[in-house]
Every structure is written in C-alpha cells, then in structure tokens.
Amino acid sequence: MRVLLCILLFASRSFAGCGEPVPDGLACTTQQIGSATQKNCLLTDDKYRPACSSSPQPFAISYQNGQDKLIPSFKLPGSTPYPISCVTPDLGYLPGNIQLDMCGGHYGAFDDCGGTVDWGSWFFGDSHQERAIAVLDTMYRDNLNIMDFNAGVHCFGSSIGSYRCSALAMDLKDEFHRSRFTLISVFSGATDLDSPRNTYGPEVEDFDFSRVDFSVQAAAGKLDNQFWVYVVDDADTSVAVDTAKKAAECNQYRIKCKIFKHPFGHGGPNWSMHDPRLRGLYNGPDEQHRLDLPVIVFTNSSADDLSGDWGIYGYGNTYNAAGIVDTSSLLKVPLGYRPITDPLTGINMPPSATSDVTIRPRHFEIISGNQYRYQFGDIIGYSTAEKSGEITIPSVSLSNDLSYTMLEINDV
C-alpha cells in the first residue's frame with residue numbers, strides 16, 4: 001500500500017506524508033564548496049541516537065552540478081561532522097539518482113559507542129536505520145522535481161563505509177527505501193559481513209548476522225534487483241575479503257555483480273594507469289541498470305578469472321538498454337561483449353566468452369515450471385523457468401564485434 005501511495009504522490013509532485021516524517025527539531029545550514037552546495041543537518045530526536053550516545057547525529061546532503069541536473073548525495077560521517085567528501089570510486093555520472101556516500105571513518109566522535117567497528121551504530125538498536133530513512137525522506141521531499149525515481153539509490157562506501165552500504169541494502173527495515181537500492185559499491189570493504197575475520201566488539205553477541213548474510217538474503221530474493229560492485233584485495237588484513245566465495249554466491253543466486261581484484265591491500269590501484277573500463281560501472285556504453293528496466297545478469301562466464309593477484313569477475317558482457325522490449329507477450333534483449341586488455345595488470349580477456357544469461361523482466365510474465373522458447377541469432381532453444389519472475393538461458397556465446405545480437409524470448 002505504501003509503495004502505491006508513494007507512486008501516486010510522485011506522480012502528483014506531492015511527496016509529503018510518504019515515509020516517516022523528519023523531526024521538527026531538524027536543524028540545517030548550507031555552505032558552498034566549489035561547485036557544490038552542501039546542506040549540513042543535525043538530527044536531535046532521541047530515536048536517531050544510539051543508546052550509547054548523547055550527541056545529535058549529523059548528516060550532509062551535497063548537490064553536485066552535472067549536465068542539466070543535480071546529483072543529491074547524502075553523507076553520513078565517520079569520525080568528523082558534516083563530511084565534505086568521502087573516498088568514492090568515480091563510476092560515471094548518473095543523472096537524477098540518489099547517491100549515498102558512506103565515509104570510511106568510524107571512531108566515536110558522534111557515535112561515542114566505545115570506538116568499536118560498529119557500522120555507524122548498526123549493532124545498537126535501530127538508530128542508524130532511522131537516520132538513513134530520515135535522510136532519504138528529506139532528499140525526496142527537497143528534490144522531487146530533479147529526481148529520476150527509477151534510477152534508484154546508489155550507495156558508495158569505502159572501508160567501514162561499505163559495511164554501512166551493504167547493511168542498508170540487505171537489512172534496512174523500511175522496505176520502500178530498501179527496495180530502491182540499485183547499486184552497492186564496496187571499495188576496500190568486506191565481501192562477507194558475517195566472517196570471523198572481521199573484528200567486532202562484544203556488542204555483536206546478540207546480533208543476528210543472517211540479516212546481513214549475502215547468501216541468506218539472496219536466497220530470499222531481496223537482492224534480485226541489485227547490482228553489487230567490489231574493488232577489493234583478498235589479502236586485505238583490515239576487512240574480510242574472499243573474492244572466490246563472492247563470485248560463487250553471485251553465480252549461485254544469479255545476482256548482478258562485478259569484482260575487480262587488486263594487490264594493494266586496504267588501498268586501491270592508481271586508476272589513471274589502467275584501462276578506464278576497469279573502474280567503470282557498466283561494461284558497455286549502452287548498458288543501464290534501472291528499476292524500470294529488466295535486470296540482466298551474466299553468470300558463470302568463461303572470461304571470469306580471479307586466480308591471480310589481479311582478477312576480474314562480471315566484466316565484458318553487456319547489453320543495449322535502448323533496444324530492450326519487455327511486454328506482456330514478448331521479451332527481447334540485445335546482448336554484446338566488450339573484452340578488456342590491460343597490460344599493467346596482465347588482464348587479457350578472450351575475444352569471445354560463454355555465460356548464462358538471467359533476465360528478470362518487469363512486464364513479461366515468467367511462471368516457475370513453465371517452458372519458454374528463445375532465439376539467439378540463428379540458435380533456437382527452450383528453457384524452463386526455475387522460479388517465477390526470472391528465466392535463465394544457458395551457455396550463451398558472445399564475441400567482440402562491437403555489435404549486439406538479439407535474444408528473444410516468448411511463450412511456447
């Protein structure tokens with residue numbers, strides 16, 4: 001009911017009343033930082049403070065000029081108030097979306113919870129969740145006219161900030177907001193929040209880690225619409241990273257993922273020395289991941305290789321979003337392949353690759369157990385849906401010819 005109400009409110013350009021209200025005691029000021037305008041705010045209501053803190057909780061919303069729109073970007077601080085910037089990979093300009101920048105610092109100044117690595121007080125009740133909900137509601141209300149609702153929420157986090165993004169995407173108690181998370185970027189962060197390699201304080205003894213277990217939440221279908229991007233090192237001693245396990249999870253549950261593995265520990269590569277496509281969000285110039293488009297997932301690709309110090313997963317395969325047809329009777333997706341060769345890393349993707357392609361359409365109905373006919377180029381075959389809402393076409397081969405080949409699916 002809330003989702004329907006909010007959609008109607010968006011259509012009428014009236015967002016008031018959609019979501020939990022921001023408290024009357026919200027205090028904000030603005031400042032100009034270069035080309036950006038930043039709104040600095042304090043949440044003073046008790047529900048926004050962890051039990052171990054008596055301080056008002058700060059956040060900042062930054063409005064970056066970009067093309068003909070603004071990008072509202074909310075920043076929750078670590079050890080400093082009103083963060084001006086956070087370490088975030090440049091994944092390209094995505095107009096109209098909400099960007100959440102979770103800063104890396106986590107020690108105490110405005111959390112005051114003993115200096116433990118607590119994801120911004122995630123282990124201390126619902127205060128962090130309440131802050132995130134309040135900020136998202138504030139951003140919607142302030143920026144309705146420039147928002148692209150279907151672009152979704154893109155959460156970027158480095159180090160402990162990526163724990164916050166991962167937790168919000170899997171465990172945010174407000175399903176209206178959680179379901180709009182389309183991109184989660186983990187930069188020098190943990191791939192496994194529940195791993196014993198992470199260092200937590202005694203406050204986690206009663207915490208149910210299944211709430212933030214990727215496998216558990218993926219099996220429940222909560223990650224089906226999300227795109228997870230990891231820039232990490234297996235040898236990072238600060239956080240728990242296991243790229244092979246993460247790739248296996250993405251394959252098993254058919255979640256859209258990209259992994260760039262590097263040998264720089266808790267840091268990152270000098271991107272200027274590498275093929276710019278390694279740091280890009282999409283594998284091709286025509287690809288988009290949005291709430292109003294089918295979710296296209298490539299898994300078990302023969303081009304994936306995480307065996308060395310440098311490694312990649314989820315690279316190369318792409319699609320042309322503008323050519324997608326998704327109706328009640330027909331589903332068509334133009335597929336392509338764009339390999340990368342990067343001499344410095346030794347990454348040399350093959351000229352062609354084979355992968356399984358999973359599609360979660362918005363309009364074309366897929367029913368578990370039903371069989372569907374597909375045509376890919378000259379190849380005609382049949383695939384049985386393993387669960388409702390998605391269909392997987394196995395062993396699709398693509399080559400680097402700078403064009404697209406249409407995959408067409410319809411009822412038998």
# chains A, B, ... in the order shown; residues from 1 in each chain; ligands from 1
$ select_by_dssp --residues "region 222-394 of chain A" --states "strand (DSSP E or B)" --output "count of residues only"
64
$ residues_around --residues "region 217-229 of chain A" --least-positions-apart "2" --cutoff "10 Å" --atoms "only C-alpha atoms" --output "ChimeraX atom specification"
/A:152-156,166,169-171,175,178-187,210-215,231-232,249-250,252-260,279-281,289-291,293-297,313-314,360,389-390
$ residues_around --residues "Asn348 (chain A)" --least-positions-apart "3" --cutoff "12 Å" --atoms "only C-alpha atoms" --output "PyMOL selection string"
chain A and resi 275+278+303-305+310-312+315-316+338-345+351-352
$ write_last_selection --atoms "N, CA and C atoms" --output "compact mmCIF listing (two decimals), in the first residue's frame"
# COMPACT_ATOMS: atom_id res chain seq x y z
N ASP A 275 43.24 0.64 -18.02
CA ASP A 275 42.12 0.81 -18.94
C ASP A 275 40.95 1.39 -18.15
N LEU A 278 38.02 -0.63 -16.55
CA LEU A 278 38.14 -1.45 -15.34
C LEU A 278 37.43 -0.82 -14.16
N ALA A 303 35.02 -15.88 -19.24
CA ALA A 303 36.01 -14.80 -19.20
C ALA A 303 36.38 -14.39 -17.78
N ASP A 304 35.67 -14.91 -16.78
CA ASP A 304 35.98 -14.57 -15.39
C ASP A 304 37.29 -15.23 -14.97
N ASP A 305 38.12 -14.49 -14.24
CA ASP A 305 39.39 -15.05 -13.77
C ASP A 305 39.84 -14.29 -12.52
N TRP A 310 45.84 -9.96 -9.70
CA TRP A 310 44.82 -9.14 -10.34
C TRP A 310 43.75 -10.08 -10.87
N GLY A 311 42.49 -9.68 -10.78
CA GLY A 311 41.45 -10.56 -11.28
C GLY A 311 40.16 -9.81 -11.56
N ILE A 312 39.32 -10.42 -12.36
CA ILE A 312 38.03 -9.82 -12.71
C ILE A 312 36.93 -10.86 -12.69
N TYR A 315 32.99 -8.93 -15.92
CA TYR A 315 33.39 -7.95 -16.93
C TYR A 315 33.12 -8.51 -18.33
N GLY A 316 33.03 -7.59 -19.30
CA GLY A 316 32.93 -7.97 -20.70
C GLY A 316 31.52 -8.01 -21.25
N ARG A 338 32.34 -6.88 -24.66
CA ARG A 338 33.40 -5.90 -24.84
C ARG A 338 34.58 -6.27 -23.94
N PRO A 339 35.51 -7.08 -24.42
CA PRO A 339 36.64 -7.51 -23.59
C PRO A 339 37.63 -6.39 -23.31
N ILE A 340 38.40 -6.57 -22.26
CA ILE A 340 39.39 -5.59 -21.83
C ILE A 340 40.77 -6.23 -21.85
N THR A 341 41.74 -5.48 -22.37
CA THR A 341 43.15 -5.85 -22.26
C THR A 341 43.88 -4.74 -21.52
N ASP A 342 44.52 -5.09 -20.41
CA ASP A 342 45.21 -4.09 -19.59
C ASP A 342 46.62 -4.62 -19.29
N PRO A 343 47.63 -4.16 -20.03
CA PRO A 343 48.98 -4.72 -19.91
C PRO A 343 49.56 -4.66 -18.50
N LEU A 344 49.31 -3.59 -17.76
CA LEU A 344 49.92 -3.44 -16.45
C LEU A 344 49.46 -4.52 -15.48
N THR A 345 48.20 -4.92 -15.57
CA THR A 345 47.67 -5.95 -14.67
C THR A 345 47.80 -7.35 -15.25
N PRO A 351 38.70 -13.08 -26.83
CA PRO A 351 37.88 -12.38 -27.83
C PRO A 351 36.42 -12.80 -27.83
N SER A 352 36.12 -13.92 -27.19
CA SER A 352 34.73 -14.37 -27.07
C SER A 352 34.57 -15.06 -25.72
$ atom_distance --atom1 "CA of Glu408 (chain A)" --atom2 "CA of Asn320 (chain A)"
13.5 Å
$ select_by_dssp --residues "region 127-209 of chain A" --states "helix (DSSP H, G or I)" --output "PyMOL selection string"
chain A and resi 127-146+149-151+160-171+175-178+202-204+209
$ closest_residue --among "A:Ile133, A:Ala190, A:Met406, A:Ala27" --to "Asp378 (chain A)" --atoms "only C-alpha atoms"
A:Met406
$ closest_residue --among "A:Ile366, A:Thr243, A:Gly323, A:Ala353" --to "Gly308 (chain A)" --atoms "only C-alpha atoms"
A:Thr243
